[in-house]
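Content type mmCIF, C-alpha atoms (C1' of nucleotides), from the file run.cif:
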```
data_coords
loop_
_atom_site.label_atom_id
_atom_site.label_comp_id
_atom_site.auth_asym_id
_atom_site.auth_seq_id
_atom_site.Cartn_x
_atom_site.Cartn_y
_atom_site.Cartn_z
CA MET H 1 16.01 21.86 -38.77
CA ASN H 2 17.40 22.68 -42.14
CA VAL H 3 20.16 20.72 -43.72
CA MET H 4 20.92 17.28 -42.22
CA ASN H 5 22.90 16.15 -45.24
CA ASP H 6 26.53 15.29 -44.95
CA SER H 7 28.01 18.40 -46.51
CA PRO H 8 31.74 19.06 -46.11
CA ARG H 9 30.84 21.91 -43.80
CA ARG H 10 28.97 19.55 -41.53
CA LYS H 11 31.85 17.07 -41.58
CA GLU H 12 34.22 19.75 -40.41
CA LEU H 13 31.86 20.87 -37.66
CA THR H 14 31.50 17.27 -36.58
CA ARG H 15 35.24 16.92 -36.33
CA GLN H 16 35.50 19.99 -34.13
CA ALA H 17 32.66 18.77 -31.96
CA ALA H 18 34.45 15.47 -31.45
CA GLN H 19 37.44 17.23 -29.99
CA LEU H 20 35.34 19.16 -27.51
CA PHE H 21 33.41 16.06 -26.53
CA VAL H 22 36.69 14.34 -25.71
CA GLN H 23 38.04 17.28 -23.74
CA GLU H 24 34.92 17.99 -21.72
CA GLY H 25 32.58 15.05 -22.11
CA PHE H 26 29.27 15.27 -23.91
CA ASP H 27 27.15 16.55 -21.05
CA ARG H 28 29.61 19.23 -20.06
CA THR H 29 30.00 20.50 -23.59
CA THR H 30 27.39 23.24 -24.09
CA VAL H 31 25.99 24.31 -27.42
CA ARG H 32 27.63 27.67 -26.77
CA MET H 33 31.03 26.03 -26.41
CA LEU H 34 30.47 24.04 -29.57
CA ALA H 35 29.44 27.14 -31.48
CA GLN H 36 32.47 29.07 -30.29
CA GLU H 37 34.78 26.27 -31.35
CA MET H 38 33.09 26.27 -34.74
CA GLY H 39 33.38 30.03 -35.08
CA ILE H 40 29.64 30.67 -35.19
CA LYS H 41 26.95 31.65 -32.68
CA SER H 42 24.97 29.07 -30.76
CA GLY H 43 21.77 29.71 -32.69
CA SER H 44 23.45 29.02 -36.01
CA LEU H 45 24.44 25.60 -34.86
CA PHE H 46 20.88 24.39 -35.20
CA HIS H 47 20.96 25.10 -38.87
CA HIS H 48 23.34 22.19 -39.28
CA PHE H 49 22.10 19.79 -36.62
CA ARG H 50 18.60 19.15 -35.37
CA ASP H 51 19.75 19.08 -31.77
CA LYS H 52 22.75 18.40 -29.58
CA GLN H 53 22.15 14.66 -29.64
CA GLU H 54 22.45 14.64 -33.40
CA ILE H 55 25.95 16.07 -33.17
CA LEU H 56 26.95 13.21 -30.92
CA ALA H 57 25.45 10.69 -33.30
CA ALA H 58 27.28 12.31 -36.23
CA VAL H 59 30.60 12.10 -34.41
CA ILE H 60 30.20 8.43 -33.60
CA GLU H 61 28.85 7.51 -37.01
CA GLU H 62 31.81 9.14 -38.72
CA GLY H 63 34.31 7.24 -36.58
CA THR H 64 32.63 3.89 -36.89
CA GLN H 65 32.14 4.26 -40.62
CA ASN H 66 35.86 4.96 -41.05
CA ALA H 67 36.86 2.01 -38.91
CA LEU H 68 34.73 -0.28 -41.01
CA VAL H 69 36.14 0.99 -44.30
CA ILE H 70 39.73 0.76 -43.08
CA ALA H 71 39.31 -2.73 -41.68
CA LYS H 72 37.76 -4.00 -44.90
CA ALA H 73 40.57 -2.47 -46.94
CA ALA H 74 43.19 -3.99 -44.65
CA LEU H 75 41.65 -7.44 -45.03
CA GLU H 76 41.56 -7.15 -48.81
CA GLN H 77 45.19 -6.16 -49.04
CA CYS H 78 46.73 -8.81 -46.82
CA ASP H 79 47.63 -12.45 -47.23
CA ASN H 80 45.01 -15.09 -46.74
CA SER H 81 46.75 -16.72 -43.79
CA ALA H 82 44.89 -16.50 -40.49
CA GLU H 83 47.88 -14.94 -38.82
CA ALA H 84 48.26 -12.20 -41.43
CA ARG H 85 44.57 -11.42 -41.24
CA LEU H 86 44.65 -11.25 -37.45
CA GLN H 87 47.62 -8.95 -37.67
CA ALA H 88 45.96 -6.77 -40.28
CA MET H 89 42.79 -6.38 -38.22
CA ALA H 90 44.72 -5.47 -35.08
CA ARG H 91 46.83 -2.93 -36.91
CA ALA H 92 43.85 -1.42 -38.67
CA HIS H 93 42.02 -1.14 -35.36
CA LEU H 94 44.92 0.61 -33.69
CA GLU H 95 45.52 2.93 -36.61
CA THR H 96 41.91 4.04 -36.65
CA LEU H 97 42.05 4.51 -32.91
CA LEU H 98 45.02 6.74 -33.52
CA THR H 99 44.00 8.79 -36.55
CA ASP H 100 40.34 9.08 -35.58
CA ARG H 101 41.06 9.10 -31.89
CA ASN H 102 38.54 11.75 -30.92
CA ALA H 103 35.62 10.06 -32.58
CA HIS H 104 36.48 6.70 -31.05
CA VAL H 105 37.00 8.00 -27.57
CA VAL H 106 33.60 9.62 -27.83
CA ALA H 107 32.10 6.37 -29.07
CA LEU H 108 33.61 4.46 -26.17
CA TYR H 109 32.72 6.93 -23.43
CA GLU H 110 29.52 8.58 -24.56
CA TRP H 111 27.66 5.72 -26.20
CA ARG H 112 25.05 5.70 -23.47
CA ARG H 113 24.16 9.33 -24.09
CA LEU H 114 22.71 8.45 -27.48
CA ASP H 115 18.96 8.37 -27.72
CA PRO H 116 17.40 5.00 -28.56
CA GLU H 117 16.97 5.58 -32.29
CA ALA H 118 20.54 6.72 -32.81
CA ARG H 119 21.82 3.89 -30.67
CA ASP H 120 19.88 1.39 -32.71
CA HIS H 121 21.17 2.75 -35.99
CA LEU H 122 24.77 2.91 -34.82
CA SER H 123 24.81 -0.48 -33.15
CA HIS H 124 24.15 -2.03 -36.55
CA LEU H 125 27.25 -0.32 -37.86
CA ARG H 126 29.24 -1.54 -34.88
CA ASP H 127 27.92 -5.06 -35.29
CA ALA H 128 29.13 -5.09 -38.88
CA TYR H 129 32.59 -4.16 -37.65
CA GLU H 130 32.61 -6.78 -34.92
CA ALA H 131 31.46 -9.39 -37.41
CA LEU H 132 34.71 -8.84 -39.30
CA TRP H 133 36.61 -9.62 -36.13
CA GLU H 134 34.65 -12.73 -35.38
CA GLU H 135 35.20 -13.99 -38.91
CA VAL H 136 38.96 -13.53 -38.60
CA ILE H 137 39.05 -15.13 -35.18
CA ASP H 138 36.99 -18.08 -36.36
CA ALA H 139 39.50 -18.65 -39.12
CA ALA H 140 42.39 -18.51 -36.67
CA LEU H 141 40.64 -21.01 -34.41
CA ALA H 142 39.91 -23.33 -37.31
CA GLU H 143 43.55 -23.20 -38.33
CA GLY H 144 44.67 -24.01 -34.79
CA LEU H 145 46.53 -20.72 -34.54
CA ILE H 146 44.69 -19.85 -31.35
CA HIS H 147 42.53 -21.86 -28.97
CA GLY H 148 39.55 -21.30 -26.75
CA ASP H 149 36.00 -20.03 -26.83
CA ARG H 150 35.44 -17.86 -29.91
CA PHE H 151 33.11 -15.50 -28.07
CA LEU H 152 35.49 -14.96 -25.20
CA VAL H 153 38.60 -14.67 -27.32
CA ALA H 154 36.94 -12.04 -29.50
CA ARG H 155 35.89 -10.02 -26.47
CA PHE H 156 39.25 -10.29 -24.75
CA VAL H 157 41.06 -9.17 -27.88
CA MET H 158 38.77 -6.24 -28.54
CA GLY H 159 38.98 -5.26 -24.90
CA ALA H 160 42.75 -5.23 -24.99
CA LEU H 161 42.71 -3.14 -28.16
CA ASN H 162 40.04 -0.66 -27.10
CA TRP H 163 41.72 -0.16 -23.76
CA THR H 164 44.73 1.26 -25.57
CA VAL H 165 42.97 4.62 -25.89
CA ARG H 166 43.51 4.95 -22.15
CA TRP H 167 47.27 4.64 -22.12
CA TYR H 168 48.68 4.69 -25.64
CA ASP H 169 50.90 7.65 -26.39
CA PRO H 170 51.35 8.24 -30.14
CA ALA H 171 54.48 10.25 -29.38
CA GLY H 172 56.05 7.33 -27.53
CA PRO H 173 58.45 4.73 -28.89
CA ARG H 174 55.83 2.17 -29.91
CA SER H 175 54.04 2.27 -33.25
CA PRO H 176 50.56 0.84 -33.78
CA ASP H 177 52.29 -1.84 -35.80
CA ASP H 178 54.43 -2.77 -32.78
CA LEU H 179 51.36 -3.08 -30.61
CA ALA H 180 49.57 -5.23 -33.16
CA HIS H 181 52.55 -7.56 -33.40
CA GLU H 182 52.88 -7.86 -29.66
CA LEU H 183 49.19 -8.57 -29.19
CA VAL H 184 49.07 -11.22 -31.89
CA ALA H 185 52.24 -12.78 -30.52
CA MET H 186 50.67 -12.88 -27.08
CA ILE H 187 47.60 -14.79 -28.16
CA THR H 188 49.26 -17.01 -30.77
CA HIS H 189 52.43 -17.66 -28.78
CA ARG H 190 54.66 -17.03 -31.71
CA PRO H 191 57.53 -14.62 -31.28
CA ALA H 192 56.70 -11.00 -32.07
CA MET F 1 30.27 21.03 5.21
CA ASN F 2 29.76 19.00 8.31
CA VAL F 3 30.80 15.41 8.64
CA MET F 4 33.22 14.03 6.00
CA ASN F 5 34.11 10.96 8.08
CA ASP F 6 33.33 7.52 6.82
CA SER F 7 30.33 6.76 8.97
CA PRO F 8 28.18 3.76 8.10
CA ARG F 9 25.48 6.18 7.01
CA ARG F 10 27.83 7.76 4.52
CA LYS F 11 28.87 4.36 3.21
CA GLU F 12 25.29 3.46 2.51
CA LEU F 13 24.63 6.78 0.81
CA THR F 14 27.73 6.22 -1.30
CA ARG F 15 26.47 2.83 -2.36
CA GLN F 16 23.17 4.28 -3.47
CA ALA F 17 24.89 7.10 -5.32
CA ALA F 18 26.99 4.56 -7.22
CA GLN F 19 23.89 2.91 -8.59
CA LEU F 20 22.47 6.18 -9.85
CA PHE F 21 25.79 7.20 -11.37
CA VAL F 22 25.82 3.96 -13.33
CA GLN F 23 22.23 4.32 -14.49
CA GLU F 24 22.39 7.96 -15.50
CA GLY F 25 26.03 8.98 -15.62
CA PHE F 26 27.55 11.45 -13.21
CA ASP F 27 26.62 14.64 -15.01
CA ARG F 28 23.02 13.61 -15.57
CA THR F 29 22.53 12.58 -11.96
CA THR F 30 21.24 15.64 -10.12
CA VAL F 31 21.58 16.23 -6.41
CA ARG F 32 17.80 16.03 -6.26
CA MET F 33 17.83 12.56 -7.78
CA LEU F 34 20.55 11.48 -5.39
CA ALA F 35 18.63 12.83 -2.41
CA GLN F 36 15.43 11.09 -3.46
CA GLU F 37 17.25 7.79 -3.88
CA MET F 38 18.70 8.28 -0.41
CA GLY F 39 15.32 9.15 1.09
CA ILE F 40 16.33 12.65 2.15
CA LYS F 41 15.96 16.15 0.72
CA SER F 42 18.57 17.67 -1.51
CA GLY F 43 19.72 20.17 1.11
CA SER F 44 20.44 17.40 3.62
CA LEU F 45 22.81 15.78 1.19
CA PHE F 46 25.36 18.51 1.84
CA HIS F 47 25.53 17.54 5.43
CA HIS F 48 27.25 14.32 4.42
CA PHE F 49 29.27 15.46 1.42
CA ARG F 50 30.97 18.76 0.76
CA ASP F 51 29.74 18.82 -2.82
CA LYS F 52 28.64 16.58 -5.66
CA GLN F 53 32.22 15.86 -6.68
CA GLU F 54 32.96 14.43 -3.28
CA ILE F 55 30.22 11.84 -3.72
CA LEU F 56 31.87 10.70 -6.92
CA ALA F 57 35.25 10.48 -5.23
CA ALA F 58 33.72 8.48 -2.37
CA VAL F 59 32.17 6.00 -4.79
CA ILE F 60 35.41 5.42 -6.64
CA GLU F 61 37.52 5.25 -3.51
CA GLU F 62 35.26 2.62 -2.01
CA GLY F 63 35.47 0.43 -5.12
CA THR F 64 39.21 0.73 -5.56
CA GLN F 65 39.89 0.11 -1.90
CA ASN F 66 37.86 -3.11 -2.04
CA ALA F 67 39.61 -4.28 -5.18
CA LEU F 68 42.97 -3.80 -3.53
CA VAL F 69 41.99 -5.70 -0.39
CA ILE F 70 40.48 -8.58 -2.36
CA ALA F 71 43.45 -8.89 -4.68
CA LYS F 72 45.90 -8.96 -1.79
CA ALA F 73 43.86 -11.62 -0.01
CA ALA F 74 43.67 -13.70 -3.18
CA LEU F 75 47.43 -13.56 -3.61
CA GLU F 76 48.03 -14.62 -0.02
CA GLN F 77 45.74 -17.59 -0.27
CA CYS F 78 47.00 -19.11 -3.50
CA ASP F 79 49.95 -21.23 -4.48
CA ASN F 80 53.26 -19.62 -5.21
CA SER F 81 53.37 -20.72 -8.85
CA ALA F 82 53.22 -17.95 -11.40
CA GLU F 83 50.26 -19.56 -13.09
CA ALA F 84 48.25 -19.84 -9.89
CA ARG F 85 48.99 -16.24 -9.01
CA LEU F 86 47.99 -15.05 -12.47
CA GLN F 87 44.79 -17.03 -12.16
CA ALA F 88 44.08 -15.67 -8.71
CA MET F 89 44.55 -12.07 -9.79
CA ALA F 90 42.29 -12.50 -12.81
CA ARG F 91 39.59 -14.16 -10.76
CA ALA F 92 39.81 -11.56 -8.01
CA HIS F 93 39.59 -8.79 -10.58
CA LEU F 94 36.50 -10.28 -12.17
CA GLU F 95 34.84 -11.00 -8.87
CA THR F 96 35.31 -7.43 -7.69
CA LEU F 97 34.01 -6.23 -11.02
CA LEU F 98 30.96 -8.35 -10.35
CA THR F 99 30.23 -7.74 -6.68
CA ASP F 100 31.22 -4.07 -6.69
CA ARG F 101 30.11 -3.55 -10.23
CA ASN F 102 28.54 -0.13 -9.76
CA ALA F 103 31.57 1.42 -8.18
CA HIS F 104 33.88 0.03 -10.84
CA VAL F 105 31.74 1.08 -13.75
CA VAL F 106 31.72 4.57 -12.27
CA ALA F 107 35.48 4.46 -11.87
CA LEU F 108 35.93 3.42 -15.50
CA TYR F 109 33.47 5.84 -17.05
CA GLU F 110 33.54 8.88 -14.81
CA TRP F 111 37.19 9.10 -13.82
CA ARG F 112 37.64 12.28 -15.81
CA ARG F 113 34.89 14.05 -13.91
CA LEU F 114 37.03 14.02 -10.77
CA ASP F 115 38.65 17.28 -9.82
CA PRO F 116 42.46 17.31 -9.80
CA GLU F 117 42.94 16.74 -6.06
CA ALA F 118 40.62 13.75 -5.94
CA ARG F 119 42.13 12.36 -9.10
CA ASP F 120 45.58 12.64 -7.63
CA HIS F 121 44.59 10.90 -4.41
CA LEU F 122 42.75 8.11 -6.17
CA SER F 123 45.38 7.50 -8.81
CA HIS F 124 47.76 6.52 -6.03
CA LEU F 125 45.29 3.89 -4.91
CA ARG F 126 44.93 2.67 -8.46
CA ASP F 127 48.67 2.55 -8.93
CA ALA F 128 48.98 0.35 -5.87
CA TYR F 129 46.51 -2.04 -7.43
CA GLU F 130 48.25 -2.05 -10.79
CA ALA F 131 51.57 -2.66 -9.09
CA LEU F 132 50.20 -5.99 -7.86
CA TRP F 133 49.44 -6.94 -11.42
CA GLU F 134 52.83 -5.97 -12.69
CA GLU F 135 54.49 -7.98 -9.98
CA VAL F 136 52.51 -11.08 -10.91
CA ILE F 137 53.16 -10.58 -14.61
CA ASP F 138 56.86 -10.07 -14.01
CA ALA F 139 56.99 -13.38 -12.19
CA ALA F 140 55.16 -15.11 -15.02
CA LEU F 141 57.60 -13.63 -17.53
CA ALA F 142 60.60 -14.68 -15.43
CA GLU F 143 59.26 -18.20 -15.23
CA GLY F 144 58.75 -18.33 -18.99
CA LEU F 145 55.03 -18.86 -18.59
CA ILE F 146 54.32 -15.91 -20.84
CA HIS F 147 56.44 -13.87 -23.22
CA GLY F 148 56.64 -10.32 -24.44
CA ASP F 149 56.95 -6.78 -23.20
CA ARG F 150 55.89 -6.57 -19.55
CA PHE F 151 54.36 -3.15 -19.98
CA LEU F 152 52.31 -4.17 -22.98
CA VAL F 153 51.26 -7.53 -21.59
CA ALA F 154 50.04 -5.91 -18.39
CA ARG F 155 48.02 -3.34 -20.30
CA PHE F 156 46.54 -5.87 -22.69
CA VAL F 157 45.49 -8.14 -19.86
CA MET F 158 43.95 -5.37 -17.80
CA GLY F 159 42.20 -4.06 -20.89
CA ALA F 160 40.69 -7.44 -21.61
CA LEU F 161 39.54 -7.75 -18.01
CA ASN F 162 38.17 -4.24 -17.62
CA TRP F 163 36.33 -4.50 -20.88
CA THR F 164 34.24 -7.29 -19.40
CA VAL F 165 32.03 -4.76 -17.65
CA ARG F 166 30.70 -3.94 -21.11
CA TRP F 167 29.47 -7.36 -22.06
CA TYR F 168 29.63 -9.74 -19.11
CA ASP F 169 26.26 -11.01 -17.95
CA PRO F 170 26.39 -12.44 -14.40
CA ALA F 171 23.18 -14.33 -15.14
CA GLY F 172 24.77 -16.05 -18.13
CA PRO F 173 26.40 -19.47 -18.23
CA ARG F 174 29.94 -18.30 -17.53
CA SER F 175 31.30 -17.73 -14.03
CA PRO F 176 34.08 -15.26 -13.23
CA ASP F 177 36.23 -18.32 -12.62
CA ASP F 178 35.52 -19.55 -16.16
CA LEU F 179 36.55 -16.22 -17.59
CA ALA F 180 39.73 -16.14 -15.55
CA HIS F 181 40.68 -19.61 -16.72
CA GLU F 182 40.00 -18.81 -20.34
CA LEU F 183 42.00 -15.60 -20.21
CA VAL F 184 44.99 -17.21 -18.54
CA ALA F 185 44.81 -20.10 -20.99
CA MET F 186 44.79 -17.63 -23.86
CA ILE F 187 47.96 -15.87 -22.81
CA THR F 188 49.83 -18.92 -21.48
CA HIS F 189 48.66 -21.32 -24.19
CA ARG F 190 47.85 -24.02 -21.73
CA PRO F 191 44.43 -25.68 -22.04
CA ALA F 192 41.71 -24.05 -19.94
"C1'" DG K 1 17.10 19.95 32.29
"C1'" DG K 2 20.15 22.91 29.86
"C1'" DG K 3 23.65 22.10 26.30
"C1'" DT K 4 25.48 19.69 22.37
"C1'" DC K 5 25.40 17.81 18.00
"C1'" DA K 6 24.36 14.98 13.97
"C1'" DA K 7 20.68 14.77 10.92
"C1'" DC K 8 17.34 16.65 8.37
"C1'" DC K 9 14.13 20.14 6.07
"C1'" DA K 10 11.82 24.15 3.29
"C1'" DA K 11 12.75 27.72 0.42
"C1'" DG K 12 15.16 29.83 -2.90
"C1'" DC K 13 19.21 32.18 -5.38
"C1'" DA K 14 22.30 32.94 -9.23
"C1'" DA K 15 23.91 30.87 -13.08
"C1'" DG K 16 23.67 28.22 -16.87
"C1'" DC K 17 21.19 25.11 -19.90
"C1'" DG K 18 19.07 23.58 -24.71
"C1'" DC K 19 16.61 25.46 -27.95
"C1'" DT K 20 13.39 28.79 -30.70
"C1'" DA K 21 11.77 32.82 -33.22
"C1'" DG K 22 12.46 36.14 -36.18
"C1'" DT K 23 15.65 38.68 -39.08
"C1'" DG K 24 19.45 39.82 -42.03
"C1'" DT K 25 23.14 38.64 -45.62
"C1'" DT K 26 25.27 36.56 -49.43
"C1'" DA K 27 25.84 34.16 -53.69
"C1'" DA K 28 24.33 31.19 -57.02
"C1'" DA K 29 20.05 29.92 -60.12
"C1'" DC K 30 16.67 31.31 -63.02
"C1'" DG D 1 17.10 41.49 -61.81
"C1'" DT D 2 14.34 38.82 -59.26
"C1'" DT D 3 14.03 34.51 -56.59
"C1'" DT D 4 15.76 31.10 -53.70
"C1'" DA D 5 18.08 28.88 -50.23
"C1'" DA D 6 22.05 28.25 -47.33
"C1'" DC D 7 24.01 30.30 -43.52
"C1'" DA D 8 24.42 33.37 -39.94
"C1'" DC D 9 22.88 36.62 -36.26
"C1'" DT D 10 20.35 38.70 -31.94
"C1'" DA D 11 17.59 38.12 -28.19
"C1'" DG D 12 15.61 35.64 -24.93
"C1'" DC D 13 12.15 31.97 -23.02
"C1'" DG D 14 11.36 28.40 -19.85
"C1'" DC D 15 13.55 25.41 -17.13
"C1'" DT D 16 17.09 22.97 -14.31
"C1'" DT D 17 21.28 23.07 -12.06
"C1'" DG D 18 24.48 22.84 -7.77
"C1'" DC D 19 24.51 24.78 -3.70
"C1'" DT D 20 23.26 28.02 0.45
"C1'" DT D 21 20.67 29.69 4.16
"C1'" DG D 22 18.39 29.61 8.37
"C1'" DG D 23 16.02 26.78 10.99
"C1'" DT D 24 13.84 22.33 13.46
"C1'" DT D 25 14.13 17.77 15.56
"C1'" DG D 26 15.37 14.26 18.71
"C1'" DA D 27 18.85 11.42 20.93
"C1'" DC D 28 22.39 11.61 24.27
"C1'" DC D 29 25.29 13.70 28.26
"C1'" DC D 30 26.70 15.72 32.51
#
```
Please re-express this file's structure in structure tokens.
Amino acid sequence: MNVMNDSPRRKELTRQAAQLFVQEGFDRTTVRMLAQEMGIKSGSLFHHFRDKQEILAAVIEEGTQNALVIAKAALEQCDNSAEARLQAMARAHLETLLTDRNAHVVALYEWRRLDPEARDHLSHLRDAYEALWEEVIDAALAEGLIHGDRFLVARFVMGALNWTVRWYDPAGPRSPDDLAHELVAMITHRPA
Amino acid sequence: MNVMNDSPRRKELTRQAAQLFVQEGFDRTTVRMLAQEMGIKSGSLFHHFRDKQEILAAVIEEGTQNALVIAKAALEQCDNSAEARLQAMARAHLETLLTDRNAHVVALYEWRRLDPEARDHLSHLRDAYEALWEEVIDAALAEGLIHGDRFLVARFVMGALNWTVRWYDPAGPRSPDDLAHELVAMITHRPA
DNA sequence: GGGTCAACCAAGCAAGCGCTAGTGTTAAAC
DNA sequence: GTTTAACACTAGCGCTTGCTTGGTTGACCC
């Protein structure tokens, strides 16, 4: 246990780890594989991270942090109308899922591999992100743009969006913006 | 390698394996843990299954098979209106997710642990199930009940439904039927 | 009442696992 | 020009893993 800060070196290593975690899954990724990908030997890895778990936590933290920053920025830059804000959140979500794909796939699939402390810390981050969504959805409900139970609508929408990592092909004909439009049109019943 | 049929014994073992796979994840579940849960020794396990992978495939096959049967039955028993069929599919999906929860959670989380042959075999089963959905959604589009891109609508809806395994609490106040109504109301814009 | 067969067991192998200890090496800080 | 600390290496410990082997048991059958 030596460094533990968030040096640029560590950020880069984290990024490489994310890719391996996606390819192989956390449990199947060995410290030797991680080290090879990073261009160092397995022993050296523990200079940067306390243990394997900490690498996982770093990957997920990085992704969630980015999502939060991007969503906040998107909300600040868009109109105040409920529809524009809904649109902005959906697009921001999809763009993060695209640019930070590895980290988010890891977060979705390997969340349960986190130890309790890391999970506790990271769930606060995630809650902050989901709170943004609930705020935007509440506004849309209040404006009569959408209808229904706020809890359920929020979960359905986030489910639809998160599920995209399973089938979305960035090389295909549809942009994240297209998807966001289509989703918002679906739940607001206004033409895309 | 000995039996490989689908004896009742094997079905029961599969059910128990599913529970462990959900609790621990596939990779973290050892053959010794599986054997203990089944009340046998680890060596005996290989009388029923060729290897650990085959247990995973059996779990997922069982769950998908059931989902397909239940969905078909639901479609046969309901009205011919697009809305009723949409409703029936959503409810059937949620009910399977509830009653066969373990198998479906495993299918969602551990799909990538399947070896290529098993994945190929099982993806045909899954495709058959998704084809039912697309049929129902096509009908709803044709009737003007919903609007948008059929491909995207289908994926959004299935994402919203599958995501429920992450947050749905069977002991809570909402029944699968409630959820199905709310979801259909959300995409058709008719009151729940 | 010998033969068959599914079901199970005890013992253990070969490989791989996360992680540690101890030791350079390099480059900036003093 | 010595000190310091970040970063890397080699070697391997202690343990667990999936799976195999060679054998026993008891129910059923002709």
Residue IDs satisfying the PyMOL selection byres ((chain H and resi 126) around 10), as a list in words: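 With the shown file as input, the PyMOL selection byres ((chain H and resi 126) around 10) matches Glu61, Thr64, Gln65, Ala67, Leu68, His121, Leu122, Ser123, His124, Leu125, Asp127, Ala128, Tyr129, Glu130 and Ala131 of chain H.
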Residues of chain H within 8 Å of chain D, counting all atoms listed in the file, as a PyMOL selection string: chain H and resi 40-41+43-44+47
Go through chain F residue by residue and, counting all atoms listed in the file, keep those with an atom at most 8 Å from chain H; for each kept residue give the shortest atom pair and its distance in Å to one decimal, ordered by chain and increasing number, as CSV.
```
residue,atom,partner,partner_atom,distance
F:Asp27,CA,H:Asp27,CA,6.4
F:Arg28,CA,H:Asp27,CA,7.5
F:Tyr109,CA,H:Tyr109,CA,6.5
F:Ile146,CA,H:Met186,CA,7.8
F:His147,CA,H:Met186,CA,7.0
F:Gly148,CA,H:Glu182,CA,6.9
F:Asp149,CA,H:Glu182,CA,7.7
F:Leu152,CA,H:Glu182,CA,7.7
F:Val153,CA,H:Met186,CA,7.7
F:Arg155,CA,H:Ala160,CA,7.3
F:Phe156,CA,H:Ala160,CA,4.5
F:Val157,CA,H:Ala160,CA,6.5
F:Met158,CA,H:Ala160,CA,7.3
F:Gly159,CA,H:Ala160,CA,4.3
F:Ala160,CA,H:Gly159,CA,4.3
F:Leu161,CA,H:Phe156,CA,7.2
F:Asn162,CA,H:Gly159,CA,7.4
F:Trp163,CA,H:Gly159,CA,4.9
F:Thr164,CA,H:Gly159,CA,7.5
F:Leu179,CA,H:Leu152,CA,7.8
F:Glu182,CA,H:Gly148,CA,6.9
F:Leu183,CA,H:Phe156,CA,7.5
F:Ala185,CA,H:Gly148,CA,7.9
F:Met186,CA,H:Ile187,CA,5.9
F:Ile187,CA,H:Ile187,CA,5.5
F:Thr188,CA,H:His189,CA,7.9
F:His189,CA,H:His189,CA,7.0
F:Ala192,CA,H:Gly148,CA,7.7
```
12 Å contacts from chain H to chain K using only C-alpha atoms (C1' of nucleotides), as number ranges by chain: H: 1, 27-33, 42-47, 49-53
Atomic distance CA of Trp133 in chain H - CA of Asp79 in chain H, expressed in Å with one decimal: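 Distance reported for this atom pair: 15.9 Å.
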Interatomic distance, CA of Gly144 in chain H to CA of His181 in chain F (Å, one decimal): 19.0 Å
Contacts of Val105 in chain H within 10 Å, only C-alpha atoms (C1' of nucleotides), excl. fewer than 6 positions in-chain, as a list in words: Ala18, Gln19, Phe21, Val22, Gly25, Ile60, Gly63, Leu97, Trp111, Asn162, Val165 and Arg166 of chain H
Interatomic distance, CA of Phe151 in chain F to CA of Pro116 in chain F (Å, one decimal): 25.8 Å
